[in-house]
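The next block holds one structure in the form of structure tokens; read it before the comments.
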Amino acid sequence: SADGSAGGQDEKIFVSVRLRPLNEKELVQNDVADWECINNTTIMFKHAMPDRSLFPTAYTFDRVFGTDASTKKVYDEAAKEVTLCVVNGMNASIFAYGQTSSGKTYTMSGVTEFAVADIYDYMDKHHEREFVLKFSAMEIYNEAVKDLLCPDSGPLRLLDDPERGTVVEKLTEVAVTDVDHLLELISFCYSQRQVGETALNETSSRSHQILRLTIESSARVLSSTEKTSTLSATVNFIDLAGSERASQTRSTGTRLKEGSHINRSLLTLGTVIRKLSKGRNGHVPYRDSKLTRILQNSLGGNARTAIICTMSPARSHVEQSRNTLLFASCAK
Ligand code: ADP
Ligand code: MG
């Protein structure tokens, strides 16, 4: 929100924060909830801490959601408008950002379902246009792109197409037949990611999942003299790698070459978002990572972006929560 106004989802980058309740593990360890949403836009650190570096204690965003907010509410107030841009021919990206176990998947899986329902609702109400939906899904792990709809295929290459920009070569794109078909495809992708998690330790905390829906629409031709106009746009639902991957790398500098601590895509996304939020002047390093190359057409320019930052209220996570809030502050 470059002009400082909070609230409107019409802003280019809409930044919200969702605080989850303390979980079982945190409760068992007698952990304390340190954060509280004091109104619709401000989240506050409740307790005085000896470490003064934790100040400021209050952070303001376009929208904040407390522990009692439902995912429907989060969707309605922080993602719906951005999502529905896609039916009007504008590209959009909805991100979940936060440390592992902060609620990214919980939030993004729900948001995606509500988005699908709304998109179908819109299409049902606009019979004057004809819609064609295509779905694809990717996972980026250690800068390798995997086709989530064809999990056994090898890593996919990115190609530069003079007209379409960066294209993921051989990525499966499924023509969606109806809403149930789309929900089935989405749940297949989530289950694939779960498989990866057990096969390879911590995969999901280190990988990015991109679910991508492309919608083409054209006016139904009523007479042969009438001209059709075709709109085409893409909406991306992105469940990011755990943000501790970015801050670990930053805080330990020397570890940059150590595979397990690199997350080039997450670091580059942070840089790209910061540059975009500060205006469109200067070089935006989209090409520095797979994630930002793939999303280039849906980030910046006329595209719309919503970032939902998820965080734990627990004192034991205060360092990571603060990092998340700093990221969110840079994005607005
Ligand atoms: P992440 O994807 O960021 O690693 P998850 O979405 O898997 O985190 O959430 C971790 C756990 O916390 C899950 O068991 C999830 O159901 C729970 N959880 C997350 N957010 C909420 C919330 N807002 N309300 C209730 N439970 C939540
Ligand atoms: Mg997750």
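Ordering of the structure tokens sets the chain letters (A, B, ...); residue numbers start at 1 within each chain; ligands are numbered from 1 in the order shown.
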Discussion item. Could you list, as a list of chain:residue names, all protein and nucleic acid residues with an atom at most 9 Å from ligand 2, counting only C-alpha atoms and all ligand atoms?
Written reply: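 Those within range of ligand 2 are A:Thr100, A:Ser101, A:Ser102, A:Gly103, A:Lys104, A:Thr105, A:Tyr106, A:Met108, A:Ser204, A:Ser205, A:Asp239, A:Leu240, A:Ala241, A:Gly242.
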Discussion item. Can you pull out every residue from segment 137-233 of chain A that DSSP, working from the backbone, puts in strand (DSSP E or B), and format the result as a ChimeraX atom specification?
Written reply: /A:137-141,144-147,156,158-161,165-168,174-175,207-219,230-233
Discussion item. One number please: atom 24 (N, counted along the ligand's line) of ligand 1 to atom CA of Pro21 of chain A, in Å, one decimal.
Written reply: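 Computing it gives 5.8 Å between the two atoms.
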Discussion item. Let me make sure I understand: among A:Val176, A:Val32, A:Leu182, A:Val82, which one has the smallest atom-to-atom distance to Ala306 of chain A if we use only C-alpha atoms?
Written reply: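 For Ala306 of chain A, the nearest of the given residues is A:Val82.
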Which residues are close to segment 270-279 of chain A, i.e. within 8 Å by only C-alpha atoms, leaving aside same-chain residues fewer than 3 positions away? Reply as an mmCIF file with N, CA, C and O atoms, in the first residue's frame.
data_model
loop_
_atom_site.group_PDB
_atom_site.id
_atom_site.type_symbol
_atom_site.label_atom_id
_atom_site.label_comp_id
_atom_site.auth_asym_id
_atom_site.auth_seq_id
_atom_site.Cartn_x
_atom_site.Cartn_y
_atom_site.Cartn_z
ATOM 1 N N SER A 1 0.846 -1.195 0.000
ATOM 2 C CA SER A 1 0.000 0.000 0.000
ATOM 3 C C SER A 1 0.879 1.242 0.000
ATOM 4 O O SER A 1 1.172 1.807 1.051
ATOM 5 N N ALA A 2 1.297 1.638 -1.172
ATOM 6 C CA ALA A 2 2.255 2.728 -1.302
ATOM 7 C C ALA A 2 1.700 4.034 -0.743
ATOM 8 O O ALA A 2 2.433 4.853 -0.197
ATOM 9 N N ILE A 13 -0.291 -5.008 -4.341
ATOM 10 C CA ILE A 13 0.117 -6.107 -3.460
ATOM 11 C C ILE A 13 -0.659 -5.963 -2.160
ATOM 12 O O ILE A 13 -0.469 -5.010 -1.415
ATOM 13 N N LEU A 266 13.008 -18.576 -2.651
ATOM 14 C CA LEU A 266 12.372 -17.801 -1.575
ATOM 15 C C LEU A 266 13.079 -16.458 -1.373
ATOM 16 O O LEU A 266 12.440 -15.422 -1.205
ATOM 17 N N LEU A 267 14.403 -16.498 -1.432
ATOM 18 C CA LEU A 267 15.177 -15.261 -1.272
ATOM 19 C C LEU A 267 14.887 -14.291 -2.414
ATOM 20 O O LEU A 267 14.673 -13.097 -2.202
ATOM 21 N N VAL A 284 14.139 -5.523 -11.662
ATOM 22 C CA VAL A 284 13.500 -6.517 -10.797
ATOM 23 C C VAL A 284 14.077 -7.886 -11.188
ATOM 24 O O VAL A 284 13.927 -8.310 -12.332
ATOM 25 N N PRO A 285 14.760 -8.565 -10.249
ATOM 26 C CA PRO A 285 15.533 -9.761 -10.627
ATOM 27 C C PRO A 285 14.700 -11.034 -10.766
ATOM 28 O O PRO A 285 15.006 -12.061 -10.160
ATOM 29 N N TYR A 286 13.649 -10.975 -11.598
ATOM 30 C CA TYR A 286 12.801 -12.149 -11.818
ATOM 31 C C TYR A 286 13.625 -13.366 -12.235
ATOM 32 O O TYR A 286 13.306 -14.495 -11.891
ATOM 33 N N THR A 292 10.425 -17.157 -9.388
ATOM 34 C CA THR A 292 10.095 -15.829 -9.915
ATOM 35 C C THR A 292 10.058 -15.815 -11.440
ATOM 36 O O THR A 292 9.309 -15.037 -12.028
ATOM 37 N N GLY A 300 3.740 -8.201 -10.547
ATOM 38 C CA GLY A 300 4.115 -6.902 -11.094
ATOM 39 C C GLY A 300 3.331 -6.608 -12.358
ATOM 40 O O GLY A 300 2.387 -7.329 -12.697
ATOM 41 N N PHE A 327 9.111 -9.290 6.797
ATOM 42 C CA PHE A 327 8.873 -9.569 5.375
ATOM 43 C C PHE A 327 7.566 -8.913 4.924
ATOM 44 O O PHE A 327 7.502 -8.246 3.895
ATOM 45 N N CYS A 330 7.844 -5.219 4.501
ATOM 46 C CA CYS A 330 8.559 -4.840 3.276
ATOM 47 C C CYS A 330 7.692 -5.003 2.033
ATOM 48 O O CYS A 330 7.919 -4.362 1.022
ATOM 49 N N ALA A 331 6.721 -5.901 2.116
ATOM 50 C CA ALA A 331 5.893 -6.197 0.941
ATOM 51 C C ALA A 331 4.787 -5.180 0.731
ATOM 52 O O ALA A 331 4.248 -5.037 -0.348
ATOM 53 N N LYS A 332 4.426 -4.432 1.784
ATOM 54 C CA LYS A 332 3.282 -3.524 1.610
ATOM 55 C C LYS A 332 3.658 -2.135 1.096
ATOM 56 O O LYS A 332 4.786 -1.786 0.997
#
Practice prompt. Compile the contact shell of segment 116-126 of chain A as a PyMOL selection string: residues with an atom at most 7 Å away, counting only C-alpha atoms, same-chain residues fewer than 4 positions apart removed.
Written response: chain A and resi 84+112+179
Take the residues just selected and output them with C-alpha atoms as a compact mmCIF listing (two decimals), in the first residue's frame.
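Saved file out26.txt follows:
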# COMPACT_ATOMS: atom_id res chain seq x y z
CA LEU A 84 -11.61 -12.88 -9.27
CA THR A 112 -7.99 -22.44 -3.09
CA VAL A 179 -15.90 -28.00 -10.56
Fill in: Minimum-distance residue to ligand 1, chosen among A:Gly98, A:Pro313, A:Gly89, A:Gly110 (using only C-alpha atoms and all ligand atoms)
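Among the listed residues, the smallest separation from ligand 1 belongs to A:Gly98.
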Practice prompt. Could you give me the residues within segment 75-266 of chain A that DSSP places in helix (DSSP H, G or I), as a ChimeraX atom specification?
Written response: /A:75-78,80-88,104-125,179-199,203-206,244-257,259-261,264-266
Fill in: Nearest to Gln320 of chain A by atom-to-atom distance, counting only C-alpha atoms, from A:Phe135, A:Glu130, A:Gln99, A:Tyr190
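Result for the nearest residue to Gln320 of chain A: A:Gln99.
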Worksheet item: What lies within 10 Å of Glu173 of chain A using only C-alpha atoms, ignoring chain neighbours under 2 positions off, as a list in words?
Response: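 Using only C-alpha atoms, the neighbours found are Leu133, Lys134, Phe135, Ser136, Ala137, Asp147, Leu149, Lys170, Leu171, Ala175, Val176, Arg212, Leu213 and Thr214 of chain A.
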Please, could you write that set of residues out with N, CA, C and O atoms as a tab-separated table (two decimals), in the first residue's frame?
chain	number	residue	atom	x	y	z
A	133	LEU	N	-11.30	-23.64	-18.94
A	133	LEU	CA	-10.36	-23.68	-17.82
A	133	LEU	C	-9.30	-24.75	-18.04
A	133	LEU	O	-9.61	-25.86	-18.45
A	134	LYS	N	-8.06	-24.36	-17.70
A	134	LYS	CA	-6.96	-25.33	-17.75
A	134	LYS	C	-6.21	-25.29	-16.44
A	134	LYS	O	-5.97	-24.22	-15.89
A	135	PHE	N	-5.83	-26.48	-15.98
A	135	PHE	CA	-5.15	-26.57	-14.68
A	135	PHE	C	-3.78	-27.21	-14.83
A	135	PHE	O	-3.61	-28.18	-15.57
A	136	SER	N	-2.81	-26.66	-14.14
A	136	SER	CA	-1.49	-27.29	-14.07
A	136	SER	C	-0.92	-27.06	-12.67
A	136	SER	O	-1.41	-26.20	-11.93
A	137	ALA	N	0.09	-27.83	-12.32
A	137	ALA	CA	0.62	-27.72	-10.96
A	137	ALA	C	2.09	-28.11	-10.94
A	137	ALA	O	2.51	-29.05	-11.61
A	147	ASP	N	6.55	-31.70	-12.11
A	147	ASP	CA	5.15	-31.65	-12.54
A	147	ASP	C	4.31	-32.40	-11.52
A	147	ASP	O	4.41	-33.63	-11.41
A	149	LEU	N	1.23	-33.03	-11.55
A	149	LEU	CA	0.21	-33.87	-12.16
A	149	LEU	C	0.83	-35.10	-12.83
A	149	LEU	O	0.12	-35.99	-13.30
A	170	LYS	N	6.93	-29.07	-21.31
A	170	LYS	CA	6.29	-30.37	-21.07
A	170	LYS	C	5.43	-30.42	-19.81
A	170	LYS	O	5.08	-31.50	-19.33
A	171	LEU	N	5.10	-29.28	-19.27
A	171	LEU	CA	4.22	-29.28	-18.09
A	171	LEU	C	2.82	-29.77	-18.49
A	171	LEU	O	2.25	-29.30	-19.48
A	175	ALA	N	-7.39	-29.96	-19.29
A	175	ALA	CA	-8.62	-29.21	-19.56
A	175	ALA	C	-9.65	-29.61	-18.50
A	175	ALA	O	-9.97	-30.78	-18.35
A	176	VAL	N	-10.11	-28.64	-17.76
A	176	VAL	CA	-11.01	-28.91	-16.64
A	176	VAL	C	-12.43	-29.07	-17.15
A	176	VAL	O	-12.92	-28.23	-17.91
A	212	ARG	N	-1.96	-23.74	-10.62
A	212	ARG	CA	-2.16	-22.71	-11.63
A	212	ARG	C	-3.43	-22.98	-12.44
A	212	ARG	O	-3.61	-24.06	-12.98
A	213	LEU	N	-4.28	-21.98	-12.49
A	213	LEU	CA	-5.52	-22.09	-13.24
A	213	LEU	C	-5.53	-21.02	-14.32
A	213	LEU	O	-5.37	-19.84	-14.03
A	214	THR	N	-5.68	-21.46	-15.56
A	214	THR	CA	-5.76	-20.51	-16.67
A	214	THR	C	-7.19	-20.48	-17.18
A	214	THR	O	-7.80	-21.53	-17.40
Fill in: Residue with smallest distance to ligand 1 - pool A:Trp35, A:Tyr75, A:Tyr97, A:Phe131, counting only C-alpha atoms and all ligand atoms
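Once distances to ligand 1 are computed over only C-alpha atoms and all ligand atoms, the minimum belongs to A:Tyr97.
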Worksheet item: With only C-alpha atoms and all ligand atoms as the basis for distance, which of A:Arg129, A:Arg304, A:Arg63, A:Arg206 is at the shortest distance from ligand 1?
Response: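 Among A:Arg129, A:Arg304, A:Arg63, A:Arg206, it is A:Arg206 that comes nearest to ligand 1.
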Worksheet entry | Neighbour list for Ser265 of chain A as an MDAnalysis selection string, cut-off 7 Å, only C-alpha atoms, skip fewer than 3 positions in-chain | chainID A and resid 268:269 289:292
Fill in: Option closest in space to ligand 1, from A:His47, A:His127, A:His208, A:Arg315 [counting only C-alpha atoms and all ligand atoms]
A:His208
